[in-house]
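Down below is the structure, laid out as C-alpha cells.
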Amino acid sequence: MSTILITGATSGLGRYVAFELVRSGHLVLAHGRDPERTDKLVEELRAEGAAEGFVADLASLARVRELGSRVAEAHPELDVLVNNAGVGFGPRGSGREVSADGHELRLAVNYLAPVALTRALLPVLRANPPARIVNVGSAGQEPLDFDDPECTRGYSGVSAYCRSKLALAAHTFALAEELRDTGVAVNVLHPATYMDTAMVRDSSITPWSTVADGAPGVLALATQDLGSGGYFDGTRPARAHEDTYDPQVHERLAAVTEQLLEP
C-alpha cells in the first residue's frame, strides 16, 4: 500500500479522497491550513485507517518548503503526492489578492505552491518508484500573459484562476518529460465541473456535480499506472488547452516560474 500526501484535505474533494484512500488501506498524510480542522480530520480518518496530519499555509512559499521537508523527513517511503489544494474565483466582484510573498493569490496557491512542494518532495518520490504525482487542475484554462503573469492589469478572479490552471497543466507536461524513465509519473486532471465545494459556493455558482463525482479520476491516478504526462477529464484521457503542449510556452513559463520562486 502507498503513503499518500494530499494537500487541501480538510474539506471538499480532498477530504472525500482522503477517506476513500484510508479505507483502501493506504497511509494518508492529510495536509490542512487550519490546525484544529486538520487534527479533527486526522482523528476521523484514524477511526477507519492510518493517517497523519501536516499543517501549512500554501500561500507562503517558505511554509510550502517547510511542509516538504517535514514530510520527507517523517515519511521517506512517500510514493504519491496529490496536489489538490486550490483557491477558486473568489466572490463575484472581489479584487486582486496577494499571498504572503506578494504574489497574486491564485497563481501562488494553484501553481507556485504545487511546483515548490513537488520540487521539495521529488528526491523522496524518485527513491520510491513507481511513484505518482497527481495535479488537480481544471478544464477552465486561459492563455498566460507573460508580460503580466501576476494579473496586475484589469484583474478578474476567473481569469487569474484559469491562467493558474493552464500553468499547472503546462508544468505537468514539461515535468513529465523531465522525469521520463525515472519511475515517477505525473499527470493532471479536471475532476468534475463546479463540484459542491466551498470554493464553488464562494463564487456564487450553483454546483453542477458532487465531490463524489470528482473523486474517481483522482483515485485512479493516485493508485493506478496510467502512464505519465496525461490530462484527464475525470477518468477519461482528454486534451488540455493547446498552449499547454507548446515547448515555447514551457520555456517561458519555466523562466517566469524561477523568478517567482526566488526566496
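Residue numbering restarts at 1 in every chain; chains get A, B, ... in the order shown in the C-alpha cells, and ligands count up from 1 in that same order.
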Residues within 9 Å of Phe146 of chain A, please, as a list in words. Count only C-alpha atoms; anything in the same chain fewer than 6 positions from it doesn't count.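 Counting only the stated atoms, we get Arg252, Leu253 and Val256 of chain A.
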File of the preceding selection, N, CA, C and O atoms, as a compact mmCIF listing (two decimals), in the first residue's frame:
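Done, and the output landed in selection.txt:
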# COMPACT_ATOMS: atom_id res chain seq x y z
N ARG A 252 9.06 29.65 -21.60
CA ARG A 252 8.75 30.95 -21.00
C ARG A 252 8.19 30.79 -19.60
O ARG A 252 8.50 31.56 -18.68
N LEU A 253 7.35 29.78 -19.41
CA LEU A 253 6.78 29.53 -18.09
C LEU A 253 7.87 29.15 -17.09
O LEU A 253 7.87 29.62 -15.95
N VAL A 256 9.71 32.32 -16.00
CA VAL A 256 8.90 33.13 -15.09
C VAL A 256 8.79 32.44 -13.72
O VAL A 256 8.89 33.10 -12.68
What's around Gln141 of chain A at 12 Å? Count only C-alpha atoms, leave out sequence neighbours fewer than 5 positions away in its own chain, and write the answer as number ranges by chain. A: 158-170, 189-190, 239-244
Writing out the chosen residues with all heavy atoms as a short mmCIF file (atom, residue, chain, number, x, y, z; two decimals), in the first residue's frame:
data_model
loop_
_atom_site.label_atom_id
_atom_site.label_comp_id
_atom_site.auth_asym_id
_atom_site.auth_seq_id
_atom_site.Cartn_x
_atom_site.Cartn_y
_atom_site.Cartn_z
N VAL A 158 -11.74 35.10 -12.20
CA VAL A 158 -11.95 33.96 -13.11
C VAL A 158 -10.73 33.78 -14.01
O VAL A 158 -10.20 32.66 -14.16
CB VAL A 158 -13.22 34.15 -13.96
CG1 VAL A 158 -13.35 33.04 -14.99
CG2 VAL A 158 -14.46 34.20 -13.07
N SER A 159 -10.24 34.88 -14.59
CA SER A 159 -9.06 34.80 -15.46
C SER A 159 -7.84 34.34 -14.69
O SER A 159 -7.06 33.50 -15.16
CB SER A 159 -8.77 36.15 -16.11
OG SER A 159 -9.57 36.34 -17.24
N ALA A 160 -7.66 34.90 -13.50
CA ALA A 160 -6.49 34.53 -12.68
C ALA A 160 -6.51 33.03 -12.37
O ALA A 160 -5.49 32.35 -12.44
CB ALA A 160 -6.48 35.34 -11.39
N TYR A 161 -7.68 32.53 -12.03
CA TYR A 161 -7.84 31.09 -11.75
C TYR A 161 -7.51 30.26 -12.99
O TYR A 161 -6.74 29.29 -12.92
CB TYR A 161 -9.27 30.82 -11.27
CG TYR A 161 -9.59 29.36 -11.09
CD1 TYR A 161 -9.32 28.71 -9.89
CD2 TYR A 161 -10.17 28.60 -12.12
CE1 TYR A 161 -9.62 27.36 -9.71
CE2 TYR A 161 -10.48 27.27 -11.95
CZ TYR A 161 -10.19 26.65 -10.75
OH TYR A 161 -10.48 25.31 -10.59
N CYS A 162 -8.12 30.63 -14.10
CA CYS A 162 -7.93 29.85 -15.33
C CYS A 162 -6.49 29.89 -15.82
O CYS A 162 -5.97 28.89 -16.35
CB CYS A 162 -8.88 30.34 -16.42
SG CYS A 162 -10.61 30.00 -16.06
N ARG A 163 -5.81 31.02 -15.63
CA ARG A 163 -4.40 31.10 -16.02
C ARG A 163 -3.54 30.23 -15.10
O ARG A 163 -2.59 29.58 -15.55
CB ARG A 163 -3.93 32.55 -15.96
CG ARG A 163 -4.53 33.41 -17.06
CD ARG A 163 -4.09 34.86 -16.95
NE ARG A 163 -4.83 35.70 -17.88
CZ ARG A 163 -4.56 36.99 -18.10
NH1 ARG A 163 -3.57 37.57 -17.46
NH2 ARG A 163 -5.29 37.68 -18.96
N SER A 164 -3.87 30.21 -13.81
CA SER A 164 -3.09 29.38 -12.87
C SER A 164 -3.24 27.90 -13.22
O SER A 164 -2.28 27.13 -13.10
CB SER A 164 -3.53 29.64 -11.43
OG SER A 164 -4.82 29.11 -11.14
N LYS A 165 -4.43 27.50 -13.67
CA LYS A 165 -4.66 26.10 -14.00
C LYS A 165 -4.01 25.73 -15.34
O LYS A 165 -3.58 24.58 -15.53
CB LYS A 165 -6.16 25.80 -14.01
CG LYS A 165 -6.79 25.86 -12.62
CD LYS A 165 -6.17 24.86 -11.65
CE LYS A 165 -6.93 24.79 -10.33
NZ LYS A 165 -6.36 23.78 -9.40
N LEU A 166 -3.94 26.68 -16.27
CA LEU A 166 -3.20 26.41 -17.51
C LEU A 166 -1.72 26.24 -17.18
O LEU A 166 -1.06 25.32 -17.70
CB LEU A 166 -3.39 27.52 -18.53
CG LEU A 166 -2.69 27.24 -19.88
CD1 LEU A 166 -3.58 27.62 -21.06
CD2 LEU A 166 -1.35 27.95 -20.00
N ALA A 167 -1.20 27.11 -16.31
CA ALA A 167 0.21 26.99 -15.92
C ALA A 167 0.49 25.63 -15.28
O ALA A 167 1.51 25.00 -15.57
CB ALA A 167 0.57 28.12 -14.95
N LEU A 168 -0.43 25.16 -14.44
CA LEU A 168 -0.24 23.87 -13.77
C LEU A 168 -0.22 22.73 -14.79
O LEU A 168 0.60 21.81 -14.69
CB LEU A 168 -1.35 23.64 -12.75
CG LEU A 168 -1.24 22.37 -11.91
CD1 LEU A 168 0.02 22.41 -11.03
CD2 LEU A 168 -2.48 22.17 -11.04
N ALA A 169 -1.10 22.79 -15.79
CA ALA A 169 -1.12 21.74 -16.82
C ALA A 169 0.16 21.77 -17.66
O ALA A 169 0.78 20.72 -17.91
CB ALA A 169 -2.35 21.91 -17.71
N ALA A 170 0.58 22.97 -18.08
CA ALA A 170 1.80 23.08 -18.88
C ALA A 170 3.01 22.58 -18.09
O ALA A 170 3.88 21.87 -18.62
CB ALA A 170 2.01 24.53 -19.31
N LEU A 189 -5.50 16.52 -13.97
CA LEU A 189 -6.87 16.20 -14.34
C LEU A 189 -7.84 17.31 -13.96
O LEU A 189 -7.58 18.12 -13.06
CB LEU A 189 -7.34 14.90 -13.66
CG LEU A 189 -7.86 14.99 -12.22
CD1 LEU A 189 -8.79 13.83 -11.92
CD2 LEU A 189 -6.71 15.02 -11.22
N HIS A 190 -8.94 17.32 -14.69
CA HIS A 190 -10.14 18.09 -14.34
C HIS A 190 -11.06 17.08 -13.66
O HIS A 190 -11.56 16.17 -14.32
CB HIS A 190 -10.78 18.65 -15.62
CG HIS A 190 -12.16 19.20 -15.41
ND1 HIS A 190 -12.39 20.37 -14.72
CD2 HIS A 190 -13.39 18.75 -15.79
CE1 HIS A 190 -13.70 20.61 -14.69
NE2 HIS A 190 -14.32 19.65 -15.33
N ARG A 239 -7.87 16.25 -23.72
CA ARG A 239 -6.89 17.18 -24.29
C ARG A 239 -6.99 18.51 -23.54
O ARG A 239 -8.07 19.09 -23.45
CB ARG A 239 -7.19 17.37 -25.78
CG ARG A 239 -6.16 18.20 -26.54
CD ARG A 239 -5.04 17.34 -27.06
NE ARG A 239 -4.06 18.17 -27.79
CZ ARG A 239 -2.81 17.79 -28.01
NH1 ARG A 239 -2.39 16.63 -27.57
NH2 ARG A 239 -1.98 18.57 -28.66
N ALA A 240 -5.87 18.98 -23.03
CA ALA A 240 -5.85 20.29 -22.36
C ALA A 240 -5.78 21.39 -23.42
O ALA A 240 -5.74 21.12 -24.63
CB ALA A 240 -4.65 20.36 -21.42
N HIS A 241 -5.76 22.64 -22.97
CA HIS A 241 -5.62 23.78 -23.88
C HIS A 241 -4.35 23.61 -24.71
O HIS A 241 -3.32 23.16 -24.20
CB HIS A 241 -5.54 25.07 -23.05
CG HIS A 241 -5.64 26.33 -23.85
ND1 HIS A 241 -4.62 26.77 -24.67
CD2 HIS A 241 -6.63 27.25 -23.95
CE1 HIS A 241 -4.99 27.91 -25.24
NE2 HIS A 241 -6.21 28.22 -24.82
N GLU A 242 -4.41 23.95 -25.97
CA GLU A 242 -3.28 23.71 -26.88
C GLU A 242 -1.99 24.37 -26.39
O GLU A 242 -0.89 23.85 -26.60
CB GLU A 242 -3.61 24.19 -28.30
CG GLU A 242 -4.60 23.28 -29.02
CD GLU A 242 -4.20 21.81 -28.98
OE1 GLU A 242 -3.06 21.48 -29.38
OE2 GLU A 242 -5.02 20.99 -28.54
N ASP A 243 -2.09 25.52 -25.72
CA ASP A 243 -0.88 26.20 -25.23
C ASP A 243 -0.09 25.34 -24.26
O ASP A 243 1.13 25.51 -24.13
CB ASP A 243 -1.26 27.51 -24.53
CG ASP A 243 -1.52 28.65 -25.49
OD1 ASP A 243 -1.72 28.38 -26.70
OD2 ASP A 243 -1.54 29.82 -25.04
N THR A 244 -0.75 24.44 -23.57
CA THR A 244 -0.06 23.65 -22.54
C THR A 244 0.94 22.66 -23.14
O THR A 244 1.80 22.16 -22.42
CB THR A 244 -1.06 22.87 -21.66
OG1 THR A 244 -1.79 21.94 -22.48
CG2 THR A 244 -2.04 23.81 -20.97
#
In terms of the shortest atom-to-atom distance over only C-alpha atoms, which of A:Val64, A:Ala120, A:Val80, A:Ala139 is closest to Asp225 of chain A?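 Closest residue, counting only C-alpha atoms: A:Val80.
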Hey, which of A:His171, A:Arg96, A:Arg33, A:His26 ends up closest to Arg153 of chain A? Count only C-alpha atoms.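 The closest residue to Arg153 of chain A is A:Arg96.
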Go through segment 50-73 of chain A residue by residue and, counting only C-alpha atoms, keep those with an atom at most 9 Å from segment 99-108 of chain A; for each kept residue give the shortest atom pair and its distance in Å to one decimal, ordered by chain and increasing number, as a tab-separated table.
residue	atom	partner	partner_atom	distance
A:Leu58	CA	A:Ala108	CA	7.9
A:Ala59	CA	A:Ser99	CA	5.1
A:Ser60	CA	A:Ala100	CA	5.1
A:Leu61	CA	A:Asp101	CA	7.2
A:Ala62	CA	A:Asp101	CA	8.9
Please save N, CA and C atoms of the selected residues as a CSV table (one decimal), in the first residue's frame.
chain,number,residue,atom,x,y,z
A,58,LEU,N,-0.3,27.3,2.3
A,58,LEU,CA,0.3,27.2,1.0
A,58,LEU,C,0.4,28.5,0.3
A,59,ALA,N,-0.1,29.6,0.9
A,59,ALA,CA,0.1,30.9,0.4
A,59,ALA,C,1.4,31.5,0.8
A,60,SER,N,2.3,30.7,1.5
A,60,SER,CA,3.6,31.1,1.8
A,60,SER,C,4.6,30.1,1.3
A,61,LEU,N,5.5,30.5,0.4
A,61,LEU,CA,6.4,29.6,-0.2
A,61,LEU,C,7.4,29.0,0.8
A,62,ALA,N,7.7,29.8,1.9
A,62,ALA,CA,8.5,29.3,2.9
A,62,ALA,C,7.8,28.1,3.7
Taking the DSSP secondary structure from the backbone, can you list the residues of segment 121-252 of chain A that are strand (DSSP E or B), as an MDAnalysis selection string? chainID A and resid 131:136 184:190 195 209 231:233 236:237
Output of the above residues as a short mmCIF file (atom, residue, chain, number, x, y, z; two decimals), in the first residue's frame, restricted to all heavy atoms:
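What ended up in out_29.cif:
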data_model
loop_
_atom_site.label_atom_id
_atom_site.label_comp_id
_atom_site.auth_asym_id
_atom_site.auth_seq_id
_atom_site.Cartn_x
_atom_site.Cartn_y
_atom_site.Cartn_z
N ALA A 131 6.39 5.86 -8.44
CA ALA A 131 5.77 6.94 -7.66
C ALA A 131 4.88 7.76 -8.58
O ALA A 131 5.02 7.73 -9.81
CB ALA A 131 6.85 7.82 -7.03
N ARG A 132 3.95 8.50 -7.97
CA ARG A 132 2.98 9.25 -8.78
C ARG A 132 2.76 10.65 -8.20
O ARG A 132 2.67 10.83 -6.99
CB ARG A 132 1.63 8.52 -8.83
CG ARG A 132 1.74 7.11 -9.40
CD ARG A 132 0.39 6.42 -9.50
NE ARG A 132 0.57 5.08 -10.04
CZ ARG A 132 0.63 3.98 -9.31
NH1 ARG A 132 0.47 4.05 -8.01
NH2 ARG A 132 0.83 2.80 -9.87
N ILE A 133 2.62 11.61 -9.11
CA ILE A 133 2.23 12.98 -8.76
C ILE A 133 0.92 13.25 -9.49
O ILE A 133 0.83 13.08 -10.71
CB ILE A 133 3.30 14.00 -9.19
CG1 ILE A 133 4.64 13.70 -8.52
CG2 ILE A 133 2.83 15.43 -8.89
CD1 ILE A 133 5.82 14.41 -9.16
N VAL A 134 -0.09 13.64 -8.74
CA VAL A 134 -1.41 13.95 -9.32
C VAL A 134 -1.68 15.43 -9.09
O VAL A 134 -1.78 15.88 -7.94
CB VAL A 134 -2.52 13.11 -8.65
CG1 VAL A 134 -3.87 13.40 -9.31
CG2 VAL A 134 -2.19 11.62 -8.73
N ASN A 135 -1.79 16.18 -10.16
CA ASN A 135 -2.10 17.61 -10.07
C ASN A 135 -3.58 17.82 -10.40
O ASN A 135 -4.03 17.48 -11.49
CB ASN A 135 -1.22 18.42 -11.02
CG ASN A 135 0.23 18.45 -10.56
OD1 ASN A 135 0.51 18.42 -9.36
ND2 ASN A 135 1.17 18.50 -11.50
N VAL A 136 -4.31 18.34 -9.43
CA VAL A 136 -5.74 18.58 -9.64
C VAL A 136 -5.88 19.93 -10.35
O VAL A 136 -5.67 20.98 -9.75
CB VAL A 136 -6.52 18.55 -8.32
CG1 VAL A 136 -7.99 18.87 -8.57
CG2 VAL A 136 -6.37 17.19 -7.66
N VAL A 184 8.82 7.98 -11.89
CA VAL A 184 7.86 8.93 -11.30
C VAL A 184 6.92 9.42 -12.40
O VAL A 184 7.36 10.05 -13.36
CB VAL A 184 8.56 10.14 -10.64
CG1 VAL A 184 7.52 11.07 -10.01
CG2 VAL A 184 9.58 9.68 -9.61
N ALA A 185 5.64 9.11 -12.26
CA ALA A 185 4.63 9.55 -13.23
C ALA A 185 3.99 10.83 -12.72
O ALA A 185 3.76 10.99 -11.52
CB ALA A 185 3.57 8.48 -13.42
N VAL A 186 3.67 11.75 -13.63
CA VAL A 186 2.98 12.98 -13.25
C VAL A 186 1.87 13.26 -14.25
O VAL A 186 2.10 13.24 -15.46
CB VAL A 186 3.96 14.17 -13.11
CG1 VAL A 186 4.81 14.35 -14.36
CG2 VAL A 186 3.23 15.46 -12.80
N ASN A 187 0.67 13.45 -13.73
CA ASN A 187 -0.49 13.70 -14.58
C ASN A 187 -1.34 14.82 -13.98
O ASN A 187 -1.22 15.14 -12.79
CB ASN A 187 -1.35 12.43 -14.71
CG ASN A 187 -0.65 11.34 -15.49
OD1 ASN A 187 -0.50 11.42 -16.70
ND2 ASN A 187 -0.20 10.30 -14.78
N VAL A 188 -2.21 15.40 -14.80
CA VAL A 188 -3.09 16.47 -14.36
C VAL A 188 -4.51 16.12 -14.78
O VAL A 188 -4.72 15.48 -15.81
CB VAL A 188 -2.63 17.84 -14.93
CG1 VAL A 188 -2.65 17.85 -16.45
CG2 VAL A 188 -3.46 18.99 -14.38
N LEU A 189 -5.50 16.52 -13.97
CA LEU A 189 -6.87 16.20 -14.34
C LEU A 189 -7.84 17.31 -13.96
O LEU A 189 -7.58 18.12 -13.06
CB LEU A 189 -7.34 14.90 -13.66
CG LEU A 189 -7.86 14.99 -12.22
CD1 LEU A 189 -8.79 13.83 -11.92
CD2 LEU A 189 -6.71 15.02 -11.22
N HIS A 190 -8.94 17.32 -14.69
CA HIS A 190 -10.14 18.09 -14.34
C HIS A 190 -11.06 17.08 -13.66
O HIS A 190 -11.56 16.17 -14.32
CB HIS A 190 -10.78 18.65 -15.62
CG HIS A 190 -12.16 19.20 -15.41
ND1 HIS A 190 -12.39 20.37 -14.72
CD2 HIS A 190 -13.39 18.75 -15.79
CE1 HIS A 190 -13.70 20.61 -14.69
NE2 HIS A 190 -14.32 19.65 -15.33
N MET A 195 -18.00 21.36 -8.71
CA MET A 195 -18.38 20.46 -7.63
C MET A 195 -18.95 21.26 -6.45
O MET A 195 -18.67 22.45 -6.30
CB MET A 195 -17.16 19.65 -7.17
CG MET A 195 -16.70 18.63 -8.18
SD MET A 195 -15.20 17.76 -7.60
CE MET A 195 -13.98 19.08 -7.67
N SER A 209 -22.12 19.35 -9.82
CA SER A 209 -21.75 17.96 -9.52
C SER A 209 -21.31 17.87 -8.06
O SER A 209 -21.17 18.89 -7.37
CB SER A 209 -20.63 17.49 -10.46
OG SER A 209 -19.51 18.34 -10.37
N TYR A 231 -3.46 14.36 -19.52
CA TYR A 231 -4.52 15.21 -18.99
C TYR A 231 -5.81 14.39 -19.04
O TYR A 231 -6.11 13.76 -20.06
CB TYR A 231 -4.67 16.48 -19.84
CG TYR A 231 -5.89 17.31 -19.50
CD1 TYR A 231 -5.93 18.07 -18.34
CD2 TYR A 231 -7.01 17.32 -20.33
CE1 TYR A 231 -7.06 18.82 -18.01
CE2 TYR A 231 -8.14 18.08 -20.02
CZ TYR A 231 -8.15 18.82 -18.85
OH TYR A 231 -9.26 19.56 -18.53
N PHE A 232 -6.53 14.38 -17.93
CA PHE A 232 -7.74 13.58 -17.83
C PHE A 232 -8.93 14.44 -17.47
O PHE A 232 -8.83 15.36 -16.66
CB PHE A 232 -7.57 12.49 -16.76
CG PHE A 232 -6.55 11.43 -17.12
CD1 PHE A 232 -5.20 11.68 -16.98
CD2 PHE A 232 -6.96 10.21 -17.60
CE1 PHE A 232 -4.25 10.72 -17.32
CE2 PHE A 232 -6.03 9.22 -17.95
CZ PHE A 232 -4.68 9.49 -17.81
N ASP A 233 -10.06 14.12 -18.08
CA ASP A 233 -11.34 14.71 -17.70
C ASP A 233 -12.05 13.63 -16.90
O ASP A 233 -12.58 12.67 -17.47
CB ASP A 233 -12.14 15.09 -18.95
CG ASP A 233 -13.44 15.80 -18.62
OD1 ASP A 233 -13.83 15.80 -17.43
OD2 ASP A 233 -14.07 16.34 -19.54
N ARG A 236 -11.30 9.90 -17.89
CA ARG A 236 -11.08 9.73 -19.33
C ARG A 236 -9.90 10.57 -19.81
O ARG A 236 -9.83 11.76 -19.52
CB ARG A 236 -12.33 10.15 -20.11
CG ARG A 236 -13.53 9.26 -19.90
CD ARG A 236 -14.74 9.73 -20.69
NE ARG A 236 -15.23 11.03 -20.23
CZ ARG A 236 -15.07 12.17 -20.86
NH1 ARG A 236 -14.42 12.22 -22.01
NH2 ARG A 236 -15.57 13.30 -20.37
N PRO A 237 -8.99 9.98 -20.58
CA PRO A 237 -7.93 10.78 -21.20
C PRO A 237 -8.56 11.86 -22.07
O PRO A 237 -9.54 11.61 -22.77
CB PRO A 237 -7.16 9.76 -22.05
CG PRO A 237 -7.46 8.44 -21.44
CD PRO A 237 -8.86 8.54 -20.91
#
Need to verify the contact set: Leu121 of chain A, 12 Å, only C-alpha atoms, exclusion of same-chain residues closer than 5 positions in sequence. Can you return it as a ChimeraX atom specification? /A:4-5,64-83,114-116,126-128,131-133,184
Can you tell me, as a PyMOL selection string, which residues in segment 52-110 of chain A count as alpha helix (DSSP H) by DSSP? chain A and resi 61-74+105-107
Selection to disk with N, CA, C and O atoms, as a compact mmCIF listing (two decimals), in the first residue's frame:
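Wrote result_1.txt, looks like this:
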# COMPACT_ATOMS: atom_id res chain seq x y z
N LEU A 61 5.47 30.51 0.38
CA LEU A 61 6.42 29.55 -0.21
C LEU A 61 7.36 28.98 0.85
O LEU A 61 7.76 27.82 0.76
N ALA A 62 7.70 29.77 1.86
CA ALA A 62 8.55 29.25 2.94
C ALA A 62 7.84 28.12 3.67
O ALA A 62 8.45 27.08 3.99
N ARG A 63 6.52 28.29 3.94
CA ARG A 63 5.76 27.24 4.61
C ARG A 63 5.62 26.01 3.72
O ARG A 63 5.61 24.88 4.21
N VAL A 64 5.48 26.23 2.41
CA VAL A 64 5.38 25.10 1.47
C VAL A 64 6.65 24.27 1.51
O VAL A 64 6.62 23.03 1.59
N ARG A 65 7.79 24.95 1.48
CA ARG A 65 9.08 24.24 1.50
C ARG A 65 9.28 23.53 2.84
O ARG A 65 9.82 22.41 2.89
N GLU A 66 8.85 24.16 3.93
CA GLU A 66 8.94 23.51 5.24
C GLU A 66 8.07 22.25 5.28
O GLU A 66 8.46 21.23 5.84
N LEU A 67 6.88 22.34 4.69
CA LEU A 67 5.99 21.18 4.61
C LEU A 67 6.70 20.04 3.89
O LEU A 67 6.69 18.89 4.36
N GLY A 68 7.30 20.34 2.76
CA GLY A 68 8.04 19.32 2.01
C GLY A 68 9.13 18.67 2.84
O GLY A 68 9.29 17.45 2.85
N SER A 69 9.88 19.50 3.57
CA SER A 69 10.97 18.98 4.41
C SER A 69 10.44 18.08 5.52
O SER A 69 10.99 17.02 5.80
N ARG A 70 9.33 18.52 6.16
CA ARG A 70 8.77 17.74 7.26
C ARG A 70 8.25 16.39 6.78
O ARG A 70 8.46 15.36 7.41
N VAL A 71 7.56 16.40 5.64
CA VAL A 71 7.02 15.16 5.09
C VAL A 71 8.15 14.21 4.68
O VAL A 71 8.13 13.01 4.98
N ALA A 72 9.16 14.76 4.00
CA ALA A 72 10.28 13.94 3.53
C ALA A 72 11.02 13.29 4.69
O ALA A 72 11.42 12.12 4.63
N GLU A 73 11.18 14.04 5.77
CA GLU A 73 11.89 13.51 6.95
C GLU A 73 11.06 12.46 7.68
O GLU A 73 11.58 11.42 8.08
N ALA A 74 9.76 12.73 7.82
CA ALA A 74 8.90 11.81 8.57
C ALA A 74 8.52 10.57 7.77
O ALA A 74 8.28 9.51 8.35
N LEU A 105 -2.72 35.77 -5.57
CA LEU A 105 -3.05 34.63 -4.71
C LEU A 105 -3.37 33.36 -5.47
O LEU A 105 -2.94 32.27 -5.06
N ARG A 106 -4.11 33.45 -6.56
CA ARG A 106 -4.47 32.23 -7.29
C ARG A 106 -3.25 31.60 -7.95
O ARG A 106 -3.08 30.38 -7.93
N LEU A 107 -2.39 32.42 -8.50
CA LEU A 107 -1.14 31.92 -9.07
C LEU A 107 -0.30 31.26 -7.96
O LEU A 107 0.28 30.20 -8.17
Excluding Ala85 of chain A and its own-chain neighbours fewer than 4 positions away, which residues fall within 9 Å of it when counting only C-alpha atoms? Please give them as a ChimeraX atom specification. /A:6-9,14,31-32,58,109-110,114,136
Please write the residues from the selection above to a file, keeping C-alpha atoms, as a CSV table (one decimal), in the first residue's frame.
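Produced file out39.csv, reproduced below:
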chain,number,residue,atom,x,y,z
A,6,ILE,CA,-3.0,15.1,-0.1
A,7,THR,CA,-3.0,18.9,0.1
A,8,GLY,CA,-6.2,20.6,1.0
A,9,ALA,CA,-7.6,17.5,2.7
A,14,GLY,CA,-9.5,16.4,-0.8
A,31,HIS,CA,-2.5,18.5,4.8
A,32,GLY,CA,-4.6,21.4,6.0
A,58,LEU,CA,0.3,27.2,1.0
A,109,VAL,CA,-1.7,28.7,-4.3
A,110,ASN,CA,-2.8,26.9,-7.5
A,114,PRO,CA,2.4,22.7,-6.1
A,136,VAL,CA,-5.7,18.6,-9.6
With distances taken over only C-alpha atoms, which residue among A:Arg119, A:Val55, A:Leu112, A:Thr210 lies nearest Leu260 of chain A? A:Leu112
So which residues touch segment 214-219 of chain A within 6 Å, counting only C-alpha atoms, skipping near sequence neighbours fewer than 3 positions away, as an NGL selection string? :A and (17 or 191-192 or 211 or 222 or 234-235)
Atoms kept (all heavy atoms) for selection, written as a PDB file, in the first residue's frame:
ATOM      1  N   VAL A  17     -11.504  12.198  -0.957  1.00  0.00           N
ATOM      2  CA  VAL A  17     -10.451  11.321  -1.469  1.00  0.00           C
ATOM      3  C   VAL A  17      -9.647  10.727  -0.310  1.00  0.00           C
ATOM      4  O   VAL A  17      -9.279   9.538  -0.334  1.00  0.00           O
ATOM      5  CB  VAL A  17      -9.539  12.092  -2.441  1.00  0.00           C
ATOM      6  CG1 VAL A  17      -8.253  11.326  -2.734  1.00  0.00           C
ATOM      7  CG2 VAL A  17     -10.289  12.383  -3.750  1.00  0.00           C
ATOM      8  N   PRO A 191     -11.266  17.176 -12.335  1.00  0.00           N
ATOM      9  CA  PRO A 191     -12.014  16.111 -11.653  1.00  0.00           C
ATOM     10  C   PRO A 191     -13.490  16.075 -12.023  1.00  0.00           C
ATOM     11  O   PRO A 191     -14.038  15.018 -12.328  1.00  0.00           O
ATOM     12  CB  PRO A 191     -11.806  16.422 -10.168  1.00  0.00           C
ATOM     13  CG  PRO A 191     -11.388  17.853 -10.103  1.00  0.00           C
ATOM     14  CD  PRO A 191     -10.730  18.184 -11.404  1.00  0.00           C
ATOM     15  N   ALA A 192     -14.140  17.243 -11.985  1.00  0.00           N
ATOM     16  CA  ALA A 192     -15.567  17.364 -12.335  1.00  0.00           C
ATOM     17  C   ALA A 192     -15.879  18.859 -12.375  1.00  0.00           C
ATOM     18  O   ALA A 192     -15.140  19.670 -11.826  1.00  0.00           O
ATOM     19  CB  ALA A 192     -16.463  16.655 -11.330  1.00  0.00           C
ATOM     20  N   VAL A 211     -18.584  16.131  -4.963  1.00  0.00           N
ATOM     21  CA  VAL A 211     -17.180  15.722  -4.836  1.00  0.00           C
ATOM     22  C   VAL A 211     -17.048  14.227  -5.120  1.00  0.00           C
ATOM     23  O   VAL A 211     -15.995  13.771  -5.583  1.00  0.00           O
ATOM     24  CB  VAL A 211     -16.605  16.073  -3.446  1.00  0.00           C
ATOM     25  CG1 VAL A 211     -16.431  17.571  -3.311  1.00  0.00           C
ATOM     26  CG2 VAL A 211     -17.451  15.523  -2.313  1.00  0.00           C
ATOM     27  N   ALA A 222      -3.948   8.274  -8.585  1.00  0.00           N
ATOM     28  CA  ALA A 222      -3.135   8.093  -7.387  1.00  0.00           C
ATOM     29  C   ALA A 222      -2.763   6.635  -7.149  1.00  0.00           C
ATOM     30  O   ALA A 222      -1.743   6.352  -6.501  1.00  0.00           O
ATOM     31  CB  ALA A 222      -3.865   8.638  -6.167  1.00  0.00           C
ATOM     32  N   GLY A 234     -12.003  13.756 -15.566  1.00  0.00           N
ATOM     33  CA  GLY A 234     -12.449  12.649 -14.725  1.00  0.00           C
ATOM     34  C   GLY A 234     -11.496  11.479 -14.915  1.00  0.00           C
ATOM     35  O   GLY A 234     -10.290  11.618 -14.738  1.00  0.00           O
ATOM     36  N   THR A 235     -12.035  10.351 -15.325  1.00  0.00           N
ATOM     37  CA  THR A 235     -11.186   9.167 -15.548  1.00  0.00           C
ATOM     38  C   THR A 235     -10.809   8.997 -17.023  1.00  0.00           C
ATOM     39  O   THR A 235     -10.069   8.079 -17.370  1.00  0.00           O
ATOM     40  CB  THR A 235     -11.924   7.891 -15.079  1.00  0.00           C
ATOM     41  OG1 THR A 235     -13.178   7.806 -15.761  1.00  0.00           O
ATOM     42  CG2 THR A 235     -12.176   7.916 -13.585  1.00  0.00           C
TER      43      THR A 235
END
